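Student: First, the structure itself, so that you have it in front of you.
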Amino acid sequence: MRVLAAMSGGVDSAVAAARAVDAGHDVVGVHLALSRAGGTLRTGSRGCCTIEDALDARRVADLLGIPFYVWDFSERFRDDVIDDFISEYKAGRTPNPCLRCNEKIKFAALLERAIELGFDAVCTGHYATLVDGSGGLELHRASDSAKDQSYVLGVLNAEQLAHTYFPLGDTPSKALVRAEAAERGITVAQKPDSHDICFIPDGDTRGWLAEKVGTATGDIVDRNGQVVGSHEGAHAFTVGQRRGLRLGVPAADGKPRFVLEVRPVSNTVVVGPKEALAIAEIAGERFSWAGAAPEAPEFACEVQIRAHAEPVPARASVTEDGVRVVPEVPLDGVAPGQSAVIYVGTRVLGQFTIDTTVSAVPVDV
């Protein structure tokens, strides 16, 4: 099998590429240049796709004896991930850029080019597994629940899964991957994992958005519409946020208040008690299935709304207009724009972008 190994410069993609070589595949390594600033440097575990990452990936490819290339996908990344991130925040939504990068870049743009060049599959260091099911190829959770990345892969469709290769999915722990890298002489064996948003390496999302979107003074109100504070831009807030509100009027019960809703049209932020973050129902129009679609229009499942959240038992119903999920227990702090990934056991059934939510708590709480 001809395999294009996506090599980020980290230990996971390095070991994945090495295992693909060991399996006897014809492997070519590629590093994606996603930053418009080619000389960008890494800061500890923040950022990715930097010049150091490209050099680390090249050293691994040389060690493995495979061809290596750097492909410039920075324009596509800007259009499909960064601009989408900005527009979603401007609309009062909370996007997931890692999931969008998988959808638009790694398993769309990269995979399309790979197939055009005659490759059979794209290999990545993601922790997830592929299983031949009765209805075709299925996406499942990884063996290591602590490193499972099936949530951010929930956007993959059946055609993409057919050309995907996850060599690390059955590995019991990340520690074993690092140990294997050290045994192979891979220099990034102890390199820190990247975290946060890769195109905001200093971690200051609010400051970054202020530069891109600008500032505009608006009101912070409670659930009854009473003004309790002010802000310099609704885009800087997300549902569930507690810090940075700087409220001028304390709550009647003296308890902390949290962001419940962001209204970009009126530039208003709604706050309330923690209990009001409980959500009884979520729904969305934009959905996709990771393999075969569910046979019944309504079914039992589990829903996960964040990459490292616990899955919650639920009932899902599907119509031509979208997907609706009612969890057995309320979800905590759900924001429009988040992705809800639907599981049946360990299998990823599909996902949808949350458009609407229904509170589990009356307004007068």
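By convention in this document, the chains of the structure tokens carry letters A, B, ... by their order, each chain's residues are numbered from 1, and ligands are numbered from 1 in the order they are shown.
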Would you pick out the contacts of Arg263 (chain A) at 12 Å or less, using only C-alpha atoms, so that residues sharing its chain but fewer than 3 positions from it are not included, and give the list as a list in words?
Tutor: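 Answer for this query is Tyr89, Lys90, Ala91, Gly92, Arg93, Gly218, Asp219, Ile220, Val221, Gly233, Ala234, His235, Ala236, Phe237, Thr238, Val239, Val259, Leu260, Ser266, Asn267, Thr268, Val269, Val270, Val271, Ala335 and Pro336 of chain A.
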Student: Near region 295-301 of chain A, within 9 Å and counting only C-alpha atoms, which residues show up once chain neighbours fewer than 2 positions away are dropped, as an MDAnalysis selection string?
Tutor: chainID A and resid 292:293 303 312:319 342:345 349
Student: Got time to write the residues from that selection, all heavy atoms, as a compact mmCIF listing (two decimals), in the first residue's frame?
Tutor:
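Once written, selection06.txt looks like this:
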```
# COMPACT_ATOMS: atom_id res chain seq x y z
N ALA A 292 -21.61 4.13 7.85
CA ALA A 292 -23.03 3.90 7.59
C ALA A 292 -23.90 4.74 8.51
O ALA A 292 -23.63 4.87 9.71
CB ALA A 292 -23.35 2.42 7.77
N ALA A 293 -24.97 5.33 7.95
CA ALA A 293 -25.91 6.13 8.73
C ALA A 293 -26.77 5.23 9.60
O ALA A 293 -26.92 4.04 9.32
CB ALA A 293 -26.79 6.95 7.79
N VAL A 303 -23.65 10.93 23.85
CA VAL A 303 -23.24 12.16 23.19
C VAL A 303 -22.07 12.78 23.96
O VAL A 303 -22.03 12.75 25.19
CB VAL A 303 -24.41 13.16 23.07
CG1 VAL A 303 -24.89 13.61 24.45
CG2 VAL A 303 -24.01 14.36 22.22
N VAL A 312 -22.33 11.11 27.54
CA VAL A 312 -23.56 11.08 28.33
C VAL A 312 -24.62 10.26 27.58
O VAL A 312 -24.87 10.50 26.40
CB VAL A 312 -24.08 12.52 28.56
CG1 VAL A 312 -25.42 12.49 29.29
CG2 VAL A 312 -23.06 13.33 29.34
N PRO A 313 -25.25 9.28 28.24
CA PRO A 313 -26.34 8.53 27.59
C PRO A 313 -27.44 9.47 27.11
O PRO A 313 -27.79 10.44 27.80
CB PRO A 313 -26.83 7.60 28.71
CG PRO A 313 -25.67 7.47 29.64
CD PRO A 313 -24.99 8.81 29.62
N ALA A 314 -28.02 9.17 25.94
CA ALA A 314 -28.99 10.08 25.35
C ALA A 314 -29.87 9.36 24.35
O ALA A 314 -29.65 8.19 24.02
CB ALA A 314 -28.26 11.24 24.68
N ARG A 315 -30.89 10.07 23.86
CA ARG A 315 -31.71 9.63 22.75
C ARG A 315 -31.52 10.63 21.62
O ARG A 315 -31.59 11.84 21.83
CB ARG A 315 -33.19 9.58 23.12
CG ARG A 315 -33.56 8.57 24.18
CD ARG A 315 -33.53 7.15 23.69
NE ARG A 315 -34.45 6.89 22.56
CZ ARG A 315 -34.56 5.72 21.98
NH1 ARG A 315 -33.83 4.68 22.38
NH2 ARG A 315 -35.41 5.54 20.98
N ALA A 316 -31.27 10.11 20.42
CA ALA A 316 -31.08 10.97 19.25
C ALA A 316 -32.20 10.72 18.25
O ALA A 316 -32.67 9.58 18.10
CB ALA A 316 -29.73 10.69 18.60
N SER A 317 -32.62 11.77 17.58
CA SER A 317 -33.60 11.64 16.51
C SER A 317 -33.09 12.40 15.31
O SER A 317 -32.51 13.49 15.43
CB SER A 317 -34.96 12.16 16.95
OG SER A 317 -34.88 13.51 17.38
N VAL A 318 -33.30 11.82 14.12
CA VAL A 318 -32.76 12.37 12.88
C VAL A 318 -33.89 12.64 11.90
O VAL A 318 -34.75 11.78 11.68
CB VAL A 318 -31.75 11.40 12.23
CG1 VAL A 318 -31.11 12.02 11.00
CG2 VAL A 318 -30.68 10.99 13.24
N THR A 319 -33.88 13.84 11.33
CA THR A 319 -34.83 14.18 10.28
C THR A 319 -34.05 14.82 9.13
O THR A 319 -32.81 15.00 9.23
CB THR A 319 -35.89 15.19 10.77
OG1 THR A 319 -35.26 16.45 11.05
CG2 THR A 319 -36.57 14.68 12.03
N ILE A 342 -21.72 11.74 18.29
CA ILE A 342 -22.63 10.69 18.73
C ILE A 342 -21.92 9.33 18.68
O ILE A 342 -21.35 8.96 17.65
CB ILE A 342 -23.88 10.65 17.84
CG1 ILE A 342 -24.61 12.00 17.92
CG2 ILE A 342 -24.81 9.52 18.24
CD1 ILE A 342 -25.75 12.12 16.92
N TYR A 343 -21.96 8.61 19.80
CA TYR A 343 -21.34 7.29 19.91
C TYR A 343 -22.40 6.23 20.17
O TYR A 343 -23.42 6.49 20.82
CB TYR A 343 -20.35 7.26 21.08
CG TYR A 343 -19.10 8.08 20.90
CD1 TYR A 343 -19.09 9.45 21.16
CD2 TYR A 343 -17.90 7.48 20.49
CE1 TYR A 343 -17.94 10.20 21.01
CE2 TYR A 343 -16.74 8.23 20.35
CZ TYR A 343 -16.76 9.59 20.61
OH TYR A 343 -15.62 10.33 20.47
N VAL A 344 -22.13 5.05 19.68
CA VAL A 344 -22.87 3.85 20.08
C VAL A 344 -21.80 2.87 20.56
O VAL A 344 -21.07 2.29 19.75
CB VAL A 344 -23.69 3.26 18.93
CG1 VAL A 344 -24.34 1.95 19.37
CG2 VAL A 344 -24.76 4.25 18.47
N GLY A 345 -21.68 2.74 21.87
CA GLY A 345 -20.55 1.99 22.42
C GLY A 345 -19.26 2.74 22.14
O GLY A 345 -19.15 3.94 22.40
N LEU A 349 -20.62 7.27 15.61
CA LEU A 349 -21.67 7.17 14.61
C LEU A 349 -21.68 8.39 13.69
O LEU A 349 -21.87 8.29 12.48
CB LEU A 349 -23.03 7.02 15.29
CG LEU A 349 -24.20 6.66 14.38
CD1 LEU A 349 -23.98 5.29 13.74
CD2 LEU A 349 -25.50 6.66 15.19
```
Student: When you look at Tyr151 (chain A) with a cut-off of 7 Å (counting only C-alpha atoms), what residues show up, excluding the ones that are within fewer than 3 positions of it in the same chain? I need them as a PyMOL selection string.
Tutor: chain A and resi 154+307+341
Student: Convert the current residue selection to file output with N, CA and C atoms, as a compact mmCIF listing (two decimals), in the first residue's frame.
Tutor:
```txt
# COMPACT_ATOMS: atom_id res chain seq x y z
N GLY A 154 -14.65 12.88 14.39
CA GLY A 154 -16.04 12.57 14.13
C GLY A 154 -16.57 13.15 12.83
N ALA A 307 -13.78 17.52 23.54
CA ALA A 307 -12.79 16.49 23.25
C ALA A 307 -12.51 15.59 24.45
N VAL A 341 -20.58 14.89 19.19
CA VAL A 341 -20.24 13.63 18.54
C VAL A 341 -21.08 12.52 19.16
```
Student: Could you list, as a PDB file with C-alpha atoms, in the first residue's frame, every residue within 8 Å of Ala340 (chain A), counting only C-alpha atoms and ignoring same-chain residues fewer than 3 positions away?
Tutor:
```pdb
ATOM      1  CA  VAL A 303     -23.236  12.161  23.192  1.00  0.00           C
ATOM      2  CA  GLN A 304     -19.923  13.933  23.802  1.00  0.00           C
ATOM      3  CA  ILE A 305     -19.695  17.721  23.471  1.00  0.00           C
ATOM      4  CA  ARG A 306     -15.985  18.324  24.114  1.00  0.00           C
ATOM      5  CA  GLN A 351     -21.488  14.390  14.547  1.00  0.00           C
ATOM      6  CA  PHE A 352     -23.347  17.660  14.245  1.00  0.00           C
ATOM      7  CA  THR A 353     -22.654  21.309  14.965  1.00  0.00           C
ATOM      8  CA  ILE A 354     -24.844  22.556  17.786  1.00  0.00           C
TER       9      ILE A 354
END
```
Student: Excluding Val15 (chain A) and its own-chain neighbours fewer than 5 positions away, which residues fall within 12 Å of it when counting only C-alpha atoms? Please give them as a CSV table (one decimal) with all heavy atoms, in the first residue's frame.
Tutor:
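The result, written out as result-v1.csv:
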```csv
chain,number,residue,atom,x,y,z
A,5,ALA,N,2.4,9.7,4.9
A,5,ALA,CA,2.4,9.9,6.3
A,5,ALA,C,2.5,11.4,6.6
A,5,ALA,O,3.5,12.1,6.3
A,5,ALA,CB,3.6,9.2,7.0
A,6,ALA,N,1.4,11.9,7.3
A,6,ALA,CA,1.4,13.3,7.7
A,6,ALA,C,2.3,13.4,9.0
A,6,ALA,O,1.9,12.8,10.0
A,6,ALA,CB,0.0,13.7,8.0
A,7,MET,N,3.4,14.2,8.9
A,7,MET,CA,4.3,14.2,9.9
A,7,MET,C,4.4,15.6,10.5
A,7,MET,O,4.9,16.6,9.9
A,7,MET,CB,5.7,13.8,9.4
A,7,MET,CG,5.7,12.4,8.8
A,7,MET,SD,7.3,11.8,8.2
A,7,MET,CE,8.2,11.6,9.7
A,8,SER,N,3.8,15.8,11.7
A,8,SER,CA,3.7,17.1,12.3
A,8,SER,C,5.0,17.6,13.0
A,8,SER,O,5.2,18.8,13.2
A,8,SER,CB,2.6,17.1,13.4
A,8,SER,OG,3.0,16.2,14.5
A,9,GLY,N,5.9,16.7,13.2
A,9,GLY,CA,7.1,17.0,14.0
A,9,GLY,C,7.1,16.5,15.4
A,9,GLY,O,8.0,16.6,16.1
A,10,GLY,N,5.9,15.9,15.8
A,10,GLY,CA,5.7,15.4,17.1
A,10,GLY,C,6.0,13.9,17.2
A,10,GLY,O,6.2,13.2,16.1
A,20,ALA,N,4.2,2.4,9.9
A,20,ALA,CA,3.8,2.2,8.5
A,20,ALA,C,5.0,1.6,7.7
A,20,ALA,O,4.7,0.7,6.9
A,20,ALA,CB,3.3,3.5,7.9
A,21,VAL,N,6.2,2.0,8.0
A,21,VAL,CA,7.3,1.5,7.3
A,21,VAL,C,7.6,0.0,7.7
A,21,VAL,O,7.8,-0.8,6.8
A,21,VAL,CB,8.6,2.3,7.6
A,21,VAL,CG1,9.9,1.6,7.0
A,21,VAL,CG2,8.5,3.7,7.0
A,22,ASP,N,7.5,-0.2,9.0
A,22,ASP,CA,7.7,-1.6,9.5
A,22,ASP,C,6.6,-2.6,8.9
A,22,ASP,O,6.9,-3.8,8.7
A,22,ASP,CB,7.6,-1.6,11.0
A,22,ASP,CG,8.8,-1.0,11.7
A,22,ASP,OD1,9.8,-0.7,11.0
A,22,ASP,OD2,8.7,-0.9,12.9
A,57,ALA,N,10.4,16.9,11.8
A,57,ALA,CA,9.8,15.9,10.9
A,57,ALA,C,10.8,15.4,9.9
A,57,ALA,O,10.8,14.2,9.6
A,57,ALA,CB,8.5,16.5,10.3
A,60,VAL,N,13.2,12.8,11.3
A,60,VAL,CA,12.6,11.5,11.5
A,60,VAL,C,12.5,10.8,10.2
A,60,VAL,O,12.8,9.6,10.0
A,60,VAL,CB,11.2,11.6,12.1
A,60,VAL,CG1,10.5,10.3,12.1
A,60,VAL,CG2,11.2,12.2,13.5
A,61,ALA,N,12.1,11.5,9.1
A,61,ALA,CA,12.0,10.9,7.8
A,61,ALA,C,13.4,10.4,7.3
A,61,ALA,O,13.5,9.3,6.7
A,61,ALA,CB,11.5,11.9,6.8
A,63,LEU,N,15.8,9.4,9.3
A,63,LEU,CA,16.1,8.3,10.1
A,63,LEU,C,15.4,7.0,9.5
A,63,LEU,O,15.9,5.9,9.5
A,63,LEU,CB,15.7,8.5,11.5
A,63,LEU,CG,15.8,7.3,12.5
A,63,LEU,CD1,17.3,7.0,12.7
A,63,LEU,CD2,15.1,7.6,13.8
A,64,LEU,N,14.1,7.2,9.1
A,64,LEU,CA,13.4,6.1,8.5
A,64,LEU,C,13.7,5.8,7.1
A,64,LEU,O,13.3,4.7,6.6
A,64,LEU,CB,11.9,6.4,8.6
A,64,LEU,CG,11.3,6.7,10.0
A,64,LEU,CD1,9.8,7.1,9.9
A,64,LEU,CD2,11.4,5.5,10.9
A,123,CYS,N,-1.7,8.5,6.5
A,123,CYS,CA,-1.4,8.0,7.8
A,123,CYS,C,-1.1,9.1,8.8
A,123,CYS,O,-0.4,10.1,8.5
A,123,CYS,CB,-0.1,7.1,7.7
A,123,CYS,SG,0.7,6.7,9.3
A,124,THR,N,-1.8,9.1,10.0
A,124,THR,CA,-1.6,10.1,11.0
A,124,THR,C,-1.3,9.5,12.3
A,124,THR,O,-1.6,8.3,12.5
A,124,THR,CB,-2.8,11.1,11.1
A,124,THR,OG1,-3.9,10.4,11.7
A,124,THR,CG2,-3.3,11.5,9.7
A,125,GLY,N,-0.9,10.3,13.3
A,125,GLY,CA,-0.7,9.8,14.6
A,125,GLY,C,-1.8,10.0,15.6
A,125,GLY,O,-1.7,10.0,16.8
A,126,HIS,N,-3.0,10.1,15.0
A,126,HIS,CA,-4.2,10.2,15.9
A,126,HIS,C,-4.5,8.9,16.6
A,126,HIS,O,-4.2,7.8,16.1
A,126,HIS,CB,-5.5,10.5,15.0
A,126,HIS,CG,-5.5,11.9,14.6
A,126,HIS,ND1,-5.1,12.3,13.3
A,126,HIS,CD2,-5.9,13.0,15.2
A,126,HIS,CE1,-5.3,13.6,13.2
A,126,HIS,NE2,-5.8,14.1,14.3
A,127,TYR,N,-5.0,9.0,17.8
A,127,TYR,CA,-5.4,7.8,18.6
A,127,TYR,C,-6.9,7.5,18.4
A,127,TYR,O,-7.8,8.1,19.0
A,127,TYR,CB,-5.1,8.1,20.1
A,127,TYR,CG,-3.7,8.1,20.5
A,127,TYR,CD1,-2.9,9.2,20.2
A,127,TYR,CD2,-3.1,7.0,21.1
A,127,TYR,CE1,-1.5,9.3,20.5
A,127,TYR,CE2,-1.7,7.0,21.4
A,127,TYR,CZ,-0.9,8.2,21.1
A,127,TYR,OH,0.4,8.2,21.4
A,166,PHE,N,-4.6,4.6,10.9
A,166,PHE,CA,-4.2,5.1,12.3
A,166,PHE,C,-3.4,4.0,13.0
A,166,PHE,O,-3.9,3.2,13.7
A,166,PHE,CB,-5.5,5.4,13.1
A,166,PHE,CG,-6.4,6.4,12.6
A,166,PHE,CD1,-7.7,6.2,12.5
A,166,PHE,CD2,-5.9,7.7,12.2
A,166,PHE,CE1,-8.6,7.2,12.0
A,166,PHE,CE2,-6.7,8.7,11.8
A,166,PHE,CZ,-8.1,8.4,11.6
A,167,PRO,N,-2.1,4.0,12.8
A,167,PRO,CA,-1.2,2.9,13.4
A,167,PRO,C,-1.2,2.9,14.9
A,167,PRO,O,-0.8,1.9,15.5
A,167,PRO,CB,0.2,3.2,12.8
A,167,PRO,CG,-0.1,4.0,11.6
A,167,PRO,CD,-1.3,4.8,11.9
A,168,LEU,N,-1.6,4.0,15.6
A,168,LEU,CA,-1.4,4.1,17.0
A,168,LEU,C,-2.7,3.7,17.8
A,168,LEU,O,-2.7,3.7,19.0
A,168,LEU,CB,-1.0,5.5,17.5
A,168,LEU,CG,0.3,6.1,16.9
A,168,LEU,CD1,0.6,7.5,17.5
A,168,LEU,CD2,1.4,5.2,17.0
A,169,GLY,N,-3.8,3.5,17.1
A,169,GLY,CA,-5.1,3.3,17.8
A,169,GLY,C,-5.1,2.2,18.8
A,169,GLY,O,-5.8,2.3,19.8
A,171,THR,N,-2.6,1.1,20.6
A,171,THR,CA,-1.5,1.2,21.6
A,171,THR,C,-2.1,1.5,23.0
A,171,THR,O,-2.8,2.5,23.1
A,171,THR,CB,-0.5,2.3,21.2
A,171,THR,OG1,0.0,2.1,19.9
A,171,THR,CG2,0.7,2.4,22.2
A,174,LYS,N,0.3,6.3,25.9
A,174,LYS,CA,1.2,7.3,25.2
A,174,LYS,C,2.6,7.0,25.7
A,174,LYS,O,3.6,7.2,25.0
A,174,LYS,CB,0.8,8.7,25.6
A,174,LYS,CG,1.7,9.8,25.1
A,174,LYS,CD,1.8,9.8,23.6
A,174,LYS,CE,2.6,11.0,23.1
A,174,LYS,NZ,1.8,12.3,23.0
A,176,LEU,N,4.0,4.2,26.2
A,176,LEU,CA,4.6,3.2,25.3
A,176,LEU,C,5.1,3.7,24.0
A,176,LEU,O,6.1,3.3,23.4
A,176,LEU,CB,3.6,2.0,25.1
A,176,LEU,CG,3.3,1.2,26.3
A,176,LEU,CD1,2.2,0.2,26.0
A,176,LEU,CD2,4.5,0.5,26.9
A,177,VAL,N,4.3,4.7,23.5
A,177,VAL,CA,4.7,5.4,22.2
A,177,VAL,C,6.0,6.1,22.4
A,177,VAL,O,6.9,6.0,21.5
A,177,VAL,CB,3.6,6.3,21.7
A,177,VAL,CG1,4.1,7.1,20.5
A,177,VAL,CG2,2.4,5.5,21.3
A,178,ARG,N,6.2,6.8,23.5
A,178,ARG,CA,7.4,7.6,23.7
A,178,ARG,C,8.6,6.6,23.9
A,178,ARG,O,9.7,6.8,23.4
A,178,ARG,CB,7.2,8.5,25.0
A,178,ARG,CG,6.3,9.6,24.8
A,178,ARG,CD,6.4,10.7,25.9
A,178,ARG,NE,5.5,11.8,25.7
A,178,ARG,CZ,5.7,12.8,24.9
A,178,ARG,NH1,6.8,12.9,24.2
A,178,ARG,NH2,4.9,13.8,24.9
A,179,ALA,N,8.3,5.5,24.6
A,179,ALA,CA,9.4,4.5,24.8
A,179,ALA,C,9.8,3.9,23.5
A,179,ALA,O,11.0,3.7,23.3
A,179,ALA,CB,8.9,3.4,25.8
A,180,GLU,N,8.8,3.6,22.6
A,180,GLU,CA,9.2,3.1,21.3
A,180,GLU,C,10.0,4.1,20.5
A,180,GLU,O,10.9,3.7,19.8
A,180,GLU,CB,7.9,2.7,20.6
A,180,GLU,CG,8.1,2.1,19.2
A,180,GLU,CD,6.8,1.8,18.5
A,180,GLU,OE1,5.8,1.5,19.2
A,180,GLU,OE2,6.8,1.7,17.2
A,181,ALA,N,9.6,5.3,20.6
A,181,ALA,CA,10.3,6.4,19.9
A,181,ALA,C,11.8,6.4,20.3
A,181,ALA,O,12.7,6.5,19.5
A,181,ALA,CB,9.7,7.7,20.0
A,182,ALA,N,12.0,6.4,21.6
A,182,ALA,CA,13.3,6.4,22.2
A,182,ALA,C,14.1,5.2,21.7
A,182,ALA,O,15.3,5.3,21.4
A,182,ALA,CB,13.3,6.4,23.7
A,183,GLU,N,13.5,4.0,21.7
A,183,GLU,CA,14.2,2.8,21.2
A,183,GLU,C,14.6,2.9,19.8
A,183,GLU,O,15.7,2.4,19.4
A,183,GLU,CB,13.3,1.6,21.4
A,183,GLU,CG,13.1,1.2,22.9
A,183,GLU,CD,12.1,0.1,23.0
A,183,GLU,OE1,11.7,-0.5,22.0
A,183,GLU,OE2,11.8,-0.3,24.2
A,184,ARG,N,13.8,3.6,19.0
A,184,ARG,CA,14.1,3.7,17.6
A,184,ARG,C,15.1,4.9,17.3
A,184,ARG,O,15.6,5.0,16.2
A,184,ARG,CB,12.8,4.1,16.8
A,184,ARG,CG,11.8,3.0,16.7
A,184,ARG,CD,10.5,3.4,16.0
A,184,ARG,NE,9.5,2.4,15.9
A,184,ARG,CZ,9.4,1.6,14.9
A,184,ARG,NH1,10.3,1.6,13.9
A,184,ARG,NH2,8.4,0.7,14.8
A,185,GLY,N,15.5,5.6,18.3
A,185,GLY,CA,16.4,6.7,18.2
A,185,GLY,C,15.8,8.0,17.6
A,185,GLY,O,16.5,8.8,17.1
A,186,ILE,N,14.5,8.1,17.8
A,186,ILE,CA,13.7,9.3,17.3
A,186,ILE,C,13.9,10.4,18.3
A,186,ILE,O,13.6,10.3,19.5
A,186,ILE,CB,12.2,8.9,17.1
A,186,ILE,CG1,12.1,7.9,16.0
A,186,ILE,CG2,11.4,10.2,16.8
A,186,ILE,CD1,10.6,7.4,15.8
A,187,THR,N,14.5,11.5,17.8
A,187,THR,CA,14.9,12.6,18.7
A,187,THR,C,13.7,13.3,19.4
A,187,THR,O,13.9,14.0,20.4
A,187,THR,CB,15.7,13.6,18.0
A,187,THR,OG1,15.0,14.1,16.9
A,187,THR,CG2,17.0,13.0,17.4
A,188,VAL,N,12.5,13.2,18.9
A,188,VAL,CA,11.4,13.9,19.5
A,188,VAL,C,10.7,13.0,20.5
A,188,VAL,O,9.5,13.3,20.9
A,188,VAL,CB,10.4,14.4,18.4
A,188,VAL,CG1,11.1,15.4,17.5
A,188,VAL,CG2,9.9,13.2,17.6
A,189,ALA,N,11.3,12.0,21.0
A,189,ALA,CA,10.6,11.0,21.9
A,189,ALA,C,10.0,11.7,23.1
A,189,ALA,O,9.0,11.3,23.6
A,189,ALA,CB,11.6,9.9,22.3
```
Student: Run DSSP on the backbone and give me the residues of region 6-180 of chain A it puts in helix (DSSP H, G or I), as a VMD selection string.
Tutor: chain A and resid 11 to 22 51 to 64 74 to 90 97 to 116 151 to 153 158 to 161 174 to 180
Student: Calculated over only C-alpha atoms, which of the candidates A:Asp83, A:Arg78, A:Ala14, A:Glu116 has the smallest distance to Arg59 (chain A)?
Tutor: A:Ala14
Student: Name all residues at most 6 Å from region 272-283 of chain A (count only C-alpha atoms; drop same-chain ones fewer than 5 positions away) and give them as a PyMOL selection string.
Tutor: chain A and resi 222+257-258+323-326+330-333+354-361
Student: Which one of A:Gly65, A:Gly337, A:Gly203, A:Gly350 sits closest to Ile86 (chain A) if you count only C-alpha atoms?
Tutor: A:Gly337
Student: Which residue, A:Pro97, A:Gly240, A:Gly29, A:Gly136, has the smallest gap to Phe199 (chain A) when you use only C-alpha atoms?
Tutor: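 Once distances to Phe199 (chain A) are computed over only C-alpha atoms, the minimum belongs to A:Pro97.
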Student: If you measure from CA of Ile197 (chain A) to CA of Asp84 (chain A), what distance in Å do you get, rounded to one decimal?
Tutor: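 According to the coordinates, CA of Ile197 (chain A) and CA of Asp84 (chain A) are separated by 13.5 Å.
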Student: Restricting the calculation to only C-alpha atoms, which member of A:Glu103, A:Asp12, A:Asp56, A:Glu310 is positioned closest to Leu161 (chain A)?
Tutor: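 Selected residue with least distance to Leu161 (chain A): A:Glu103.
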Student: Go through A:Gln149, A:Asn157, A:Ile82, A:Asp53 and flag the residue nearest Trp208 (chain A), using only C-alpha atoms for the distances.
Tutor: A:Ile82
Student: Write out as a count of residues only all residues of region 14-115 of chain A that backbone DSSP assigns to strand (DSSP E or B).
Tutor: 15
Student: Please indicate the distance in Å from CA of Leu110 (chain A) to CA of Val213 (chain A), rounded to one decimal place.
Tutor: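 According to the coordinates, CA of Leu110 (chain A) and CA of Val213 (chain A) are separated by 29.5 Å.
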Student: Which residue, A:Leu247, A:Ala162, A:Leu55, A:Val28, has the smallest gap to Pro67 (chain A) when you use only C-alpha atoms?
Tutor: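 For Pro67 (chain A), the nearest of the given residues is A:Val28.
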Student: Figure out the distance between CA of Ser194 (chain A) and CA of Val11 (chain A), please, to one decimal in Å.
Tutor: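 CA of Ser194 (chain A) lies at a distance of 10.6 Å from CA of Val11 (chain A).
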